[in-house]
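*Asks:* target_39.cif is reproduced below (mmCIF, C-alpha atoms).
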data_final
loop_
_atom_site.group_PDB
_atom_site.id
_atom_site.type_symbol
_atom_site.label_atom_id
_atom_site.label_comp_id
_atom_site.auth_asym_id
_atom_site.auth_seq_id
_atom_site.Cartn_x
_atom_site.Cartn_y
_atom_site.Cartn_z
ATOM 1 C CA MET A 101 110.508 194.389 173.830
ATOM 2 C CA ARG A 102 110.059 190.822 175.028
ATOM 3 C CA VAL A 103 112.398 189.061 177.449
ATOM 4 C CA THR A 104 113.394 185.847 175.656
ATOM 5 C CA ASP A 105 115.282 182.779 176.912
ATOM 6 C CA ILE A 106 116.532 180.690 173.981
ATOM 7 C CA HIS A 107 118.047 177.880 176.081
ATOM 8 C CA VAL A 108 115.934 176.443 178.889
ATOM 9 C CA HIS A 109 115.225 172.830 179.803
ATOM 10 C CA GLY A 110 112.815 173.233 182.696
ATOM 11 C CA PHE A 111 111.516 175.001 185.786
ATOM 12 C CA GLY A 112 110.283 173.680 189.110
ATOM 13 C CA THR A 113 109.069 170.101 188.724
ATOM 14 C CA TYR A 114 108.716 170.373 184.927
ATOM 15 C CA ASP A 115 111.138 169.938 182.060
ATOM 16 C CA THR A 116 111.283 168.901 178.427
ATOM 17 C CA LEU A 117 111.902 165.236 179.261
ATOM 18 C CA THR A 118 108.171 164.573 178.904
ATOM 19 C CA ASP A 119 105.530 163.505 176.432
ATOM 20 C CA ASP A 120 102.905 165.783 177.980
ATOM 21 C CA ALA A 121 102.246 169.227 176.502
ATOM 22 C CA ASP A 122 100.770 170.333 179.828
ATOM 23 C CA ASP A 123 104.231 170.008 181.390
ATOM 24 C CA ILE A 124 105.660 172.385 178.787
ATOM 25 C CA LEU A 125 102.807 174.829 179.323
ATOM 26 C CA ALA A 126 103.321 174.693 183.094
ATOM 27 C CA MET A 127 107.011 175.437 182.574
ATOM 28 C CA ALA A 128 106.052 178.390 180.366
ATOM 29 C CA ARG A 129 103.722 179.747 183.062
ATOM 30 C CA LEU A 130 106.481 179.604 185.686
ATOM 31 C CA HIS A 131 108.835 181.508 183.396
ATOM 32 C CA HIS A 132 106.184 184.131 182.697
ATOM 33 C CA ALA A 133 105.632 184.610 186.430
ATOM 34 C CA SER A 134 109.364 185.318 186.708
ATOM 35 C CA GLY A 135 109.288 188.059 184.069
ATOM 36 C CA VAL A 136 110.208 186.010 180.986
ATOM 37 C CA ASP A 137 107.960 186.641 177.979
ATOM 38 C CA ALA A 138 109.143 183.951 175.553
ATOM 39 C CA ILE A 139 111.119 180.701 175.705
ATOM 40 C CA VAL A 140 112.668 178.134 173.395
ATOM 41 C CA PRO A 141 112.301 174.827 175.286
ATOM 42 C CA THR A 142 115.519 172.876 174.919
ATOM 43 C CA VAL A 143 115.457 169.112 174.391
ATOM 44 C CA TYR A 144 118.149 166.873 175.851
ATOM 45 C CA PRO A 145 119.934 164.269 173.730
ATOM 46 C CA SER A 146 118.458 160.856 174.427
ATOM 47 C CA SER A 147 117.097 157.961 172.411
ATOM 48 C CA ALA A 148 115.490 159.029 169.150
ATOM 49 C CA ASP A 149 112.064 157.947 170.405
ATOM 50 C CA ALA A 150 112.422 159.890 173.674
ATOM 51 C CA MET A 151 113.592 162.999 171.832
ATOM 52 C CA ARG A 152 110.671 162.795 169.410
ATOM 53 C CA ARG A 153 108.236 162.485 172.322
ATOM 54 C CA SER A 154 109.782 165.577 173.925
ATOM 55 C CA MET A 155 109.649 167.497 170.662
ATOM 56 C CA ALA A 156 106.051 166.429 170.085
ATOM 57 C CA ALA A 157 105.125 167.736 173.548
ATOM 58 C CA VAL A 158 106.690 171.117 172.788
ATOM 59 C CA LYS A 159 104.991 171.286 169.396
ATOM 60 C CA ALA A 160 101.624 170.424 170.947
ATOM 61 C CA ALA A 161 102.109 173.132 173.575
ATOM 62 C CA MET A 162 102.864 175.632 170.810
ATOM 63 C CA GLU A 163 99.691 174.617 168.981
ATOM 64 C CA CYS A 164 97.692 174.968 172.189
ATOM 65 C CA GLN A 165 98.985 178.509 172.624
ATOM 66 C CA ARG A 166 98.122 179.384 169.025
ATOM 67 C CA LYS A 167 94.600 178.062 169.520
ATOM 68 C CA ASP A 168 93.829 179.348 173.011
ATOM 69 C CA GLY A 169 96.251 182.267 173.408
ATOM 70 C CA GLN A 170 99.279 182.606 175.663
ATOM 71 C CA GLY A 171 97.381 183.880 178.681
ATOM 72 C CA ASP A 172 99.668 183.837 181.683
ATOM 73 C CA ALA A 173 102.439 181.834 180.011
ATOM 74 C CA ALA A 174 105.643 182.704 178.193
ATOM 75 C CA ALA A 175 105.270 182.322 174.433
ATOM 76 C CA ILE A 176 106.801 179.060 173.195
ATOM 77 C CA LEU A 177 108.824 179.960 170.110
ATOM 78 C CA GLY A 178 109.998 176.520 169.028
ATOM 79 C CA ILE A 179 112.434 173.780 169.962
ATOM 80 C CA HIS A 180 116.143 174.064 170.700
ATOM 81 C CA LEU A 181 117.848 170.721 170.070
ATOM 82 C CA GLU A 182 120.950 170.622 172.248
ATOM 83 C CA GLY A 183 122.329 167.651 170.412
ATOM 84 C CA PRO A 184 122.528 164.803 169.713
ATOM 85 C CA PHE A 185 125.226 165.923 167.242
ATOM 86 C CA LEU A 186 127.791 166.765 169.921
ATOM 87 C CA ASN A 187 131.339 165.746 170.867
ATOM 88 C CA PRO A 188 131.359 163.005 173.541
ATOM 89 C CA ALA A 189 134.582 164.455 174.949
ATOM 90 C CA MET A 190 132.643 167.625 175.834
ATOM 91 C CA ALA A 191 129.377 166.057 176.960
ATOM 92 C CA GLY A 192 129.191 167.868 180.298
ATOM 93 C CA ALA A 193 126.060 166.645 182.079
ATOM 94 C CA LEU A 194 124.502 165.305 178.866
ATOM 95 C CA ASP A 195 124.249 161.606 178.017
ATOM 96 C CA LYS A 196 127.136 161.053 175.608
ATOM 97 C CA GLY A 197 125.896 157.532 174.913
ATOM 98 C CA SER A 198 122.993 159.060 172.991
ATOM 99 C CA PHE A 199 125.134 161.257 170.717
ATOM 100 C CA ARG A 200 124.897 160.517 166.989
ATOM 101 C CA GLN A 201 126.853 161.180 163.837
ATOM 102 C CA PRO A 202 125.832 164.537 162.354
ATOM 103 C CA THR A 203 124.294 163.728 158.990
ATOM 104 C CA VAL A 204 121.301 165.167 157.192
ATOM 105 C CA ASP A 205 119.651 161.726 157.126
ATOM 106 C CA ASN A 206 120.096 161.257 160.881
ATOM 107 C CA TYR A 207 118.622 164.688 161.513
ATOM 108 C CA LEU A 208 115.616 164.107 159.261
ATOM 109 C CA ARG A 209 114.884 160.750 160.880
ATOM 110 C CA LEU A 210 115.171 162.319 164.321
ATOM 111 C CA VAL A 211 112.713 165.157 163.640
ATOM 112 C CA ASP A 212 110.252 163.188 161.525
ATOM 113 C CA GLY A 213 106.815 164.654 162.158
ATOM 114 C CA VAL A 214 108.023 167.521 164.355
ATOM 115 C CA GLY A 215 110.709 169.218 162.261
ATOM 116 C CA ASP A 216 108.592 172.296 161.572
ATOM 117 C CA ALA A 217 108.810 173.201 165.274
ATOM 118 C CA VAL A 218 112.624 173.102 165.468
ATOM 119 C CA ARG A 219 114.097 176.602 165.843
ATOM 120 C CA ILE A 220 117.724 176.074 166.983
ATOM 121 C CA VAL A 221 120.140 173.132 166.737
ATOM 122 C CA THR A 222 123.446 172.968 168.643
ATOM 123 C CA ILE A 223 126.178 171.015 166.832
ATOM 124 C CA ALA A 224 129.896 170.376 167.423
ATOM 125 C CA PRO A 225 131.487 171.699 164.208
ATOM 126 C CA GLU A 226 134.619 169.511 164.341
ATOM 127 C CA LEU A 227 132.702 166.243 163.866
ATOM 128 C CA ASP A 228 132.679 164.535 160.478
ATOM 129 C CA GLY A 229 129.496 165.514 158.668
ATOM 130 C CA SER A 230 128.770 168.593 160.804
ATOM 131 C CA LEU A 231 129.455 171.170 158.116
ATOM 132 C CA GLU A 232 127.108 169.545 155.615
ATOM 133 C CA LEU A 233 124.372 169.350 158.255
ATOM 134 C CA MET A 234 124.936 172.975 159.265
ATOM 135 C CA ARG A 235 124.600 174.106 155.665
ATOM 136 C CA PHE A 236 121.373 172.110 155.302
ATOM 137 C CA LEU A 237 119.846 173.538 158.490
ATOM 138 C CA ALA A 238 120.824 177.117 157.700
ATOM 139 C CA ALA A 239 119.397 176.795 154.183
ATOM 140 C CA ASN A 240 116.110 175.653 155.728
ATOM 141 C CA GLY A 241 115.801 178.593 158.108
ATOM 142 C CA ILE A 242 116.969 176.855 161.292
ATOM 143 C CA THR A 243 119.377 178.737 163.551
ATOM 144 C CA VAL A 244 122.612 176.789 164.029
ATOM 145 C CA SER A 245 124.730 177.115 167.164
ATOM 146 C CA MET A 246 128.065 175.486 167.981
ATOM 147 C CA GLY A 247 128.584 173.849 171.343
ATOM 148 C CA HIS A 248 129.641 170.839 173.433
ATOM 149 C CA SER A 249 132.691 171.072 171.251
ATOM 150 C CA ASP A 250 136.451 170.562 171.188
ATOM 151 C CA ALA A 251 136.770 172.702 168.055
ATOM 152 C CA THR A 252 139.887 174.670 167.314
ATOM 153 C CA PHE A 253 139.626 178.285 166.232
ATOM 154 C CA ALA A 254 139.870 177.184 162.584
ATOM 155 C CA GLU A 255 137.198 174.488 162.994
ATOM 156 C CA ALA A 256 134.823 176.951 164.646
ATOM 157 C CA GLU A 257 135.508 179.386 161.817
ATOM 158 C CA GLU A 258 134.575 176.670 159.321
ATOM 159 C CA GLY A 259 131.366 176.048 161.240
ATOM 160 C CA HIS A 260 130.511 179.728 161.046
ATOM 161 C CA ARG A 261 131.140 179.763 157.299
ATOM 162 C CA ALA A 262 128.850 176.722 157.011
ATOM 163 C CA GLY A 263 126.002 178.678 158.596
ATOM 164 C CA ALA A 264 126.416 178.619 162.383
ATOM 165 C CA ARG A 265 125.392 181.962 163.883
ATOM 166 C CA GLY A 266 126.044 181.368 167.576
ATOM 167 C CA VAL A 267 127.913 179.514 170.301
ATOM 168 C CA THR A 268 126.041 177.629 173.027
ATOM 169 C CA HIS A 269 126.839 178.580 176.669
ATOM 170 C CA ILE A 270 130.289 179.960 175.960
ATOM 171 C CA PHE A 271 133.187 178.416 177.948
ATOM 172 C CA ASN A 272 130.972 175.636 179.326
ATOM 173 C CA ALA A 273 131.456 172.163 177.793
ATOM 174 C CA MET A 274 133.983 173.373 175.231
ATOM 175 C CA ARG A 275 137.720 173.536 174.581
ATOM 176 C CA PRO A 276 139.259 176.133 176.892
ATOM 177 C CA MET A 277 141.154 179.110 175.501
ATOM 178 C CA HIS A 278 144.934 178.628 175.245
ATOM 179 C CA HIS A 279 147.567 181.160 174.353
ATOM 180 C CA ARG A 280 148.597 179.101 171.298
ATOM 181 C CA GLU A 281 145.103 177.844 170.396
ATOM 182 C CA PRO A 282 142.202 180.157 171.302
ATOM 183 C CA GLY A 283 139.702 177.486 170.270
ATOM 184 C CA ILE A 284 135.968 177.865 169.795
ATOM 185 C CA ALA A 285 135.613 180.215 172.793
ATOM 186 C CA GLY A 286 138.294 182.527 171.424
ATOM 187 C CA PHE A 287 136.650 182.454 168.011
ATOM 188 C CA ALA A 288 133.300 183.371 169.539
ATOM 189 C CA LEU A 289 134.710 186.322 171.471
ATOM 190 C CA MET A 290 136.763 187.678 168.586
ATOM 191 C CA SER A 291 134.116 187.352 165.866
ATOM 192 C CA PRO A 292 131.893 190.457 165.982
ATOM 193 C CA ASP A 293 128.954 188.867 164.156
ATOM 194 C CA VAL A 294 128.804 185.615 166.178
ATOM 195 C CA TYR A 295 126.250 185.424 168.991
ATOM 196 C CA VAL A 296 127.192 183.890 172.341
ATOM 197 C CA GLU A 297 124.990 182.399 175.041
ATOM 198 C CA VAL A 298 126.102 183.275 178.593
ATOM 199 C CA ILE A 299 124.888 181.411 181.686
ATOM 200 C CA ALA A 300 125.143 184.177 184.286
ATOM 201 C CA ASP A 301 124.257 182.331 187.479
ATOM 202 C CA PRO A 302 126.984 182.240 190.195
ATOM 203 C CA TYR A 303 128.199 178.751 189.239
ATOM 204 C CA HIS A 304 128.882 178.314 185.535
ATOM 205 C CA LEU A 305 131.299 181.190 184.989
ATOM 206 C CA SER A 306 133.524 183.318 187.192
ATOM 207 C CA ASP A 307 132.072 186.788 187.716
ATOM 208 C CA ARG A 308 135.389 188.154 186.478
ATOM 209 C CA LEU A 309 135.067 186.134 183.292
ATOM 210 C CA ILE A 310 131.522 187.391 182.752
ATOM 211 C CA ASP A 311 132.821 190.934 183.162
ATOM 212 C CA PHE A 312 135.542 190.080 180.615
ATOM 213 C CA ILE A 313 132.924 188.855 178.122
ATOM 214 C CA PHE A 314 130.965 192.094 178.425
ATOM 215 C CA ARG A 315 134.169 194.121 178.033
ATOM 216 C CA VAL A 316 135.477 192.421 174.883
ATOM 217 C CA LYS A 317 132.456 190.972 173.057
ATOM 218 C CA ASN A 318 130.289 192.967 170.680
ATOM 219 C CA PRO A 319 127.348 193.950 172.957
ATOM 220 C CA GLU A 320 124.916 193.296 170.108
ATOM 221 C CA ARG A 321 125.818 189.597 170.154
ATOM 222 C CA ILE A 322 125.618 188.650 173.867
ATOM 223 C CA MET A 323 122.564 186.672 175.022
ATOM 224 C CA LEU A 324 121.848 185.642 178.606
ATOM 225 C CA VAL A 325 120.357 182.153 178.867
ATOM 226 C CA SER A 326 119.179 180.266 181.931
ATOM 227 C CA ASP A 327 119.924 176.654 180.885
ATOM 228 C CA MET A 328 117.530 175.893 183.754
ATOM 229 C CA VAL A 329 116.588 172.300 184.496
ATOM 230 C CA ARG A 330 113.967 170.566 186.599
ATOM 231 C CA SER A 331 114.622 171.299 190.271
ATOM 232 C CA GLY A 332 116.173 168.466 192.229
ATOM 233 C CA PRO A 333 117.793 167.943 195.617
ATOM 234 C CA VAL A 334 120.084 170.834 196.523
ATOM 235 C CA ILE A 335 123.424 170.128 198.144
ATOM 236 C CA PRO A 336 123.442 171.920 201.532
ATOM 237 C CA GLY A 337 125.103 175.320 201.244
ATOM 238 C CA ASP A 338 125.071 175.176 197.440
ATOM 239 C CA GLY A 339 122.249 176.575 195.345
ATOM 240 C CA ALA A 340 123.573 175.112 192.100
ATOM 241 C CA ALA A 341 121.603 172.579 190.072
ATOM 242 C CA ARG A 342 123.769 169.452 190.255
ATOM 243 C CA ASP A 343 123.383 165.788 189.417
ATOM 244 C CA ALA A 344 123.975 162.897 191.808
ATOM 245 C CA THR A 345 127.742 163.095 191.244
ATOM 246 C CA GLY A 346 127.883 166.789 192.140
ATOM 247 C CA ARG A 347 128.447 167.871 188.550
ATOM 248 C CA LEU A 348 126.608 170.961 187.300
ATOM 249 C CA ALA A 349 123.457 169.782 185.556
ATOM 250 C CA GLY A 350 122.083 173.152 184.440
ATOM 251 C CA GLY A 351 121.400 176.745 185.377
ATOM 252 C CA SER A 352 119.769 177.981 188.539
ATOM 253 C CA LEU A 353 118.498 181.476 187.666
ATOM 254 C CA VAL A 354 115.887 182.731 185.235
ATOM 255 C CA ILE A 355 117.393 185.342 182.941
ATOM 256 C CA THR A 356 115.637 188.245 184.637
ATOM 257 C CA GLU A 357 117.311 187.246 187.909
ATOM 258 C CA ALA A 358 120.642 186.744 186.154
ATOM 259 C CA ALA A 359 120.435 190.208 184.590
ATOM 260 C CA ALA A 360 119.708 191.783 187.979
ATOM 261 C CA ARG A 361 122.662 189.906 189.476
ATOM 262 C CA LEU A 362 124.981 191.265 186.796
ATOM 263 C CA ASN A 363 123.669 194.786 187.332
ATOM 264 C CA ALA A 364 124.531 194.451 191.032
ATOM 265 C CA LEU A 365 128.051 193.418 189.974
ATOM 266 C CA GLY A 366 128.412 196.640 187.998
ATOM 267 C CA ILE A 367 127.485 195.614 184.460
ATOM 268 C CA ASP A 368 125.389 198.345 182.888
ATOM 269 C CA ARG A 369 121.665 197.675 182.691
ATOM 270 C CA SER A 370 121.519 198.792 179.077
ATOM 271 C CA LEU A 371 123.849 195.879 178.209
ATOM 272 C CA THR A 372 121.940 193.250 180.165
ATOM 273 C CA ASP A 373 118.603 194.510 178.836
ATOM 274 C CA ARG A 374 119.932 194.092 175.313
ATOM 275 C CA ALA A 375 121.193 190.603 176.216
ATOM 276 C CA ILE A 376 117.743 189.377 177.295
ATOM 277 C CA ARG A 377 115.540 191.326 174.892
ATOM 278 C CA GLU A 378 116.879 192.655 171.599
ATOM 279 C CA ASN A 379 119.741 190.234 170.929
ATOM 280 C CA PRO A 380 117.765 186.967 171.282
ATOM 281 C CA ALA A 381 115.077 188.384 169.000
ATOM 282 C CA LEU A 382 117.620 189.324 166.351
ATOM 283 C CA TYR A 383 119.290 185.925 166.676
ATOM 284 C CA LEU A 384 115.982 184.206 165.959
ATOM 285 C CA GLY A 385 114.954 186.675 163.265
ATOM 286 C CA LEU A 386 111.945 187.898 165.235
ATOM 287 C CA ASP A 387 110.068 191.160 165.086
ATOM 288 C CA ASN A 388 110.396 191.849 168.820
ATOM 289 C CA ASP A 389 107.677 194.405 169.553
#
Let me see whether you can do it: turn the structure in this file into structure tokens.

*Replies:*
Amino acid sequence: MRVTDIHVHGFGTYDTLTDDADDILAMARLHHASGVDAIVPTVYPSSADAMRRSMAAVKAAMECQRKDGQGDAAAILGIHLEGPFLNPAMAGALDKGSFRQPTVDNYLRLVDGVGDAVRIVTIAPELDGSLELMRFLAANGITVSMGHSDATFAEAEEGHRAGARGVTHIFNAMRPMHHREPGIAGFALMSPDVYVEVIADPYHLSDRLIDFIFRVKNPERIMLVSDMVRSGPVIPGDGAARDATGRLAGGSLVITEAAARLNALGIDRSLTDRAIRENPALYLGLDND
């Protein structure tokens, strides 16, 4: 079964902030060399024109693979739009100035000409208009995830009823759990049919919290993701991918490395194998031979 990363922005000197399909193909080759068989390149929120250029580059790379074969590259399965329909209060390292109101019209204008390549969209379910957009996307075969969100438990539950099937990088850029309001993270952990992305590098989550996730969450719904970004300057003594302010900008391990790290921490290999192979395929509705 294929190793699949459903949330990845870049690798090495390449990322999705490009209008060149060759950059996406180069990124796919680097992932393949690291043991990853398939990826869903993830586009950052930005201006509509910049996002369309990024999406067009991914779509062109997909078409190139269909025409010429995958060769030594990870298969490109489609586009993951991480925004722009997100909560500015939970922007994390993303550009909150580019966030937009979640409406069907705004989505259709954004993906004009490239919408057939979109595979996943992350949306904050508490925003006005989100539920209608989620229902539209789900009805059109697009996987909806909830993330960059300040949603309460009830608001996340509404998002799930509207068609959301997953939660983007659980605990990161979302309302924290509280003993009187478990929030979107609590909803994700307690809902057996909801998928969760987990960034399992040493920086995004405590190792104890990762162990907690694997102890309490349905093992059929955990997916390791890299959230990797283009490599930049590394702060001495710190291998994390950070921006100029020192804030985490993305992941720092491919998912094969992350799985091996978790195995060394004592998490059973059968669970991590499922989290990088079977579960992402089921999430995307793939026949994962």

*Asks:* Nearest residue to Pro141 in chain A out of A:Met162, A:Ala359, A:Ala238, A:Ile376, using all atoms listed in the file?

*Replies:*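 Result for the nearest residue to Pro141 in chain A: A:Met162.
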
*Asks:* How many Å separate CA of Ile322 in chain A from CA of Met246 in chain A?

*Replies:*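 For CA of Ile322 in chain A relative to CA of Met246 in chain A, the distance reads 14.6 Å.
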
*Asks:* Let me make sure I understand: among A:Arg265, A:Arg321, A:Lys159, A:Arg166, which one has the smallest atom-to-atom distance to Thr222 in chain A if we use only C-alpha atoms?

*Replies:*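 For Thr222 in chain A, the nearest of the given residues is A:Arg265.
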
*Asks:* Need the neighbours of (126.3, 159.1, 162.3): which residues are at most 12 Å away, counting all atoms listed in the file, as a PyMOL selection string?

*Replies:* chain A and resi 184-187+198-207+209-210+227-230+233

*Asks:* For Val325 in chain A, which residue out of A:Leu231, A:Ile313, A:Ile139, A:Ala128 is the nearest one, using only C-alpha atoms?

*Replies:* A:Ile139

*Asks:* Could you tell me which of A:Ile124, A:Gly197, A:Val316, A:Met101 comes closest to Ser147 in chain A if we count only C-alpha atoms?

*Replies:*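 Using only C-alpha atoms, Ser147 in chain A sits closest to A:Gly197.
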
*Asks:* Would you list the contacts of Ala156 in chain A as a ChimeraX atom specification, taking every protein, DNA or RNA residue within 8 Å and counting all atoms listed in the file, but skipping same-chain residues closer than 4 positions in sequence?

*Replies:* /A:119,121,152,160,214

*Asks:* Run the PyMOL selection byres ((chain A and resi 189) around 10) mentally over the shown coordinates, then write out the matched residues as a PyMOL selection string, using the chain letters and numbers from the document.

*Replies:* chain A and resi 186-188+190-192+196+248-250+273-275

*Asks:* Mind telling me what the PyMOL selection byres ((chain A and resi 171) around 12) catches here, as number ranges by chain?

*Replies:* A: 125-126, 128-129, 132-133, 137, 164-170, 172-176

*Asks:* Here is a test: counting all atoms listed in the file, which residue of A:Pro225, A:Gly215, A:Pro302, A:Pro319 is nearest to Gly339 in chain A?

*Replies:*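 Using all atoms listed in the file, the shortest distance to Gly339 in chain A belongs to A:Pro302.
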
*Asks:* What are the centre and edge lengths in Å, to one decimal, of the axis-aligned box around all listed atoms of range 168-186 of chain A with 6 Å added on each side, as lines of an AutoDock Vina configuration file?

*Replies:*
center_x = 110.8
center_y = 174.3
center_z = 174.5
size_x = 46.0
size_y = 31.1
size_z = 26.4

*Asks:* Using the chain letters and residue numbers of this document, give as a short mmCIF file (atom, residue, chain, number, x, y, z; two decimals) with C-alpha atoms, keeping the file's coordinate frame the residues selected by the PyMOL selection byres ((chain A and resi 216) around 10).

*Replies:*
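Saved result, expr_38.cif, follows:
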data_model
loop_
_atom_site.label_atom_id
_atom_site.label_comp_id
_atom_site.auth_asym_id
_atom_site.auth_seq_id
_atom_site.Cartn_x
_atom_site.Cartn_y
_atom_site.Cartn_z
CA LYS A 159 104.99 171.29 169.40
CA GLY A 178 110.00 176.52 169.03
CA ILE A 179 112.43 173.78 169.96
CA VAL A 211 112.71 165.16 163.64
CA ASP A 212 110.25 163.19 161.52
CA GLY A 213 106.82 164.65 162.16
CA VAL A 214 108.02 167.52 164.36
CA GLY A 215 110.71 169.22 162.26
CA ALA A 217 108.81 173.20 165.27
CA VAL A 218 112.62 173.10 165.47
CA ARG A 219 114.10 176.60 165.84
CA ILE A 242 116.97 176.86 161.29
#

*Asks:* When distances are computed from only C-alpha atoms, which of A:Ala341, A:Leu324, A:Val136, A:Val294 shows the smallest separation from Ala256 in chain A?

*Replies:* A:Val294

*Asks:* Excluding same-chain residues fewer than 2 positions from Thr268 in chain A, what lies within 6 Å of it counting all atoms listed in the file, as a count of residues only?

*Replies:* 4

*Asks:* Can you measure CA of Met155 in chain A to CA of Ala288 in chain A for me? One decimal in Å is fine.

*Replies:*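 So the answer is 28.5 Å.
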
*Asks:* Just to confirm, what's the straight-line distance from CA of Leu289 in chain A to CA of His180 in chain A in Å (one decimal)?

*Replies:*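 So the two atoms, CA of Leu289 in chain A and CA of His180 in chain A, lie 22.3 Å apart.
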
*Asks:* Residues near Glu257 in chain A, anyone? I mean within 10 Å using all atoms listed in the file, not counting same-chain ones fewer than 5 positions away, as a ChimeraX atom specification.

*Replies:* /A:225,251-252,262,264,283-284,287-288,291

*Asks:* Can you tell me, as number ranges by chain, what residues are no more than 9 Å from Gly135 in chain A when counting only C-alpha atoms, ignoring any on the same chain fewer than 4 positions away?

*Replies:* A: 103, 131, 174, 354-357

*Asks:* Find the spatial neighbours of Arg153 in chain A, counting only C-alpha atoms, within a cut-off of 9 Å - ignore same-chain residues fewer than 4 positions away - and output them as a PyMOL selection string.

*Replies:* chain A and resi 117-120+148-149+157-158

*Asks:* Given the block above, output range 208-252 of chain A with C-alpha atoms as an mmCIF file, in the first residue's frame.

*Replies:*
data_model
loop_
_atom_site.group_PDB
_atom_site.id
_atom_site.type_symbol
_atom_site.label_atom_id
_atom_site.label_comp_id
_atom_site.auth_asym_id
_atom_site.auth_seq_id
_atom_site.Cartn_x
_atom_site.Cartn_y
_atom_site.Cartn_z
ATOM 1 C CA LEU A 208 -15.862 29.117 -7.479
ATOM 2 C CA ARG A 209 -14.138 32.365 -8.434
ATOM 3 C CA LEU A 210 -10.980 31.237 -6.663
ATOM 4 C CA VAL A 211 -10.741 27.868 -8.439
ATOM 5 C CA ASP A 212 -11.917 29.024 -11.858
ATOM 6 C CA GLY A 213 -10.128 26.892 -14.432
ATOM 7 C CA VAL A 214 -8.436 24.593 -11.911
ATOM 8 C CA GLY A 215 -11.297 23.348 -9.732
ATOM 9 C CA ASP A 216 -11.179 19.823 -11.142
ATOM 10 C CA ALA A 217 -7.760 19.349 -9.510
ATOM 11 C CA VAL A 218 -8.881 20.318 -5.988
ATOM 12 C CA ARG A 219 -8.981 17.290 -3.669
ATOM 13 C CA ILE A 220 -9.155 18.724 -0.112
ATOM 14 C CA VAL A 221 -10.252 22.095 1.296
ATOM 15 C CA THR A 222 -9.591 23.177 4.899
ATOM 16 C CA ILE A 223 -12.253 25.510 6.325
ATOM 17 C CA ALA A 224 -12.974 27.020 9.757
ATOM 18 C CA PRO A 225 -16.521 25.785 10.478
ATOM 19 C CA GLU A 226 -17.495 28.621 12.848
ATOM 20 C CA LEU A 227 -17.334 31.316 10.147
ATOM 21 C CA ASP A 228 -20.534 32.643 8.600
ATOM 22 C CA GLY A 229 -21.135 30.806 5.339
ATOM 23 C CA SER A 230 -18.837 27.862 6.125
ATOM 24 C CA LEU A 231 -21.561 25.258 6.497
ATOM 25 C CA GLU A 232 -23.134 26.069 3.140
ATOM 26 C CA LEU A 233 -19.721 25.898 1.459
ATOM 27 C CA MET A 234 -18.913 22.605 3.187
ATOM 28 C CA ARG A 235 -22.166 21.088 1.976
ATOM 29 C CA PHE A 236 -21.435 22.266 -1.574
ATOM 30 C CA LEU A 237 -17.898 20.845 -1.576
ATOM 31 C CA ALA A 238 -18.923 17.517 -0.071
ATOM 32 C CA ALA A 239 -21.746 17.173 -2.605
ATOM 33 C CA ASN A 240 -19.189 17.692 -5.377
ATOM 34 C CA GLY A 241 -16.805 14.999 -4.164
ATOM 35 C CA ILE A 242 -14.236 17.252 -2.477
ATOM 36 C CA THR A 243 -12.908 16.183 0.920
ATOM 37 C CA VAL A 244 -13.589 18.843 3.556
ATOM 38 C CA SER A 245 -11.360 19.301 6.595
ATOM 39 C CA MET A 246 -11.753 21.707 9.512
ATOM 40 C CA GLY A 247 -8.794 23.733 10.689
ATOM 41 C CA HIS A 248 -7.232 27.089 11.606
ATOM 42 C CA SER A 249 -10.321 27.338 13.732
ATOM 43 C CA ASP A 250 -11.670 28.669 17.020
ATOM 44 C CA ALA A 251 -14.694 26.364 16.805
ATOM 45 C CA THR A 252 -16.425 25.083 19.886
#
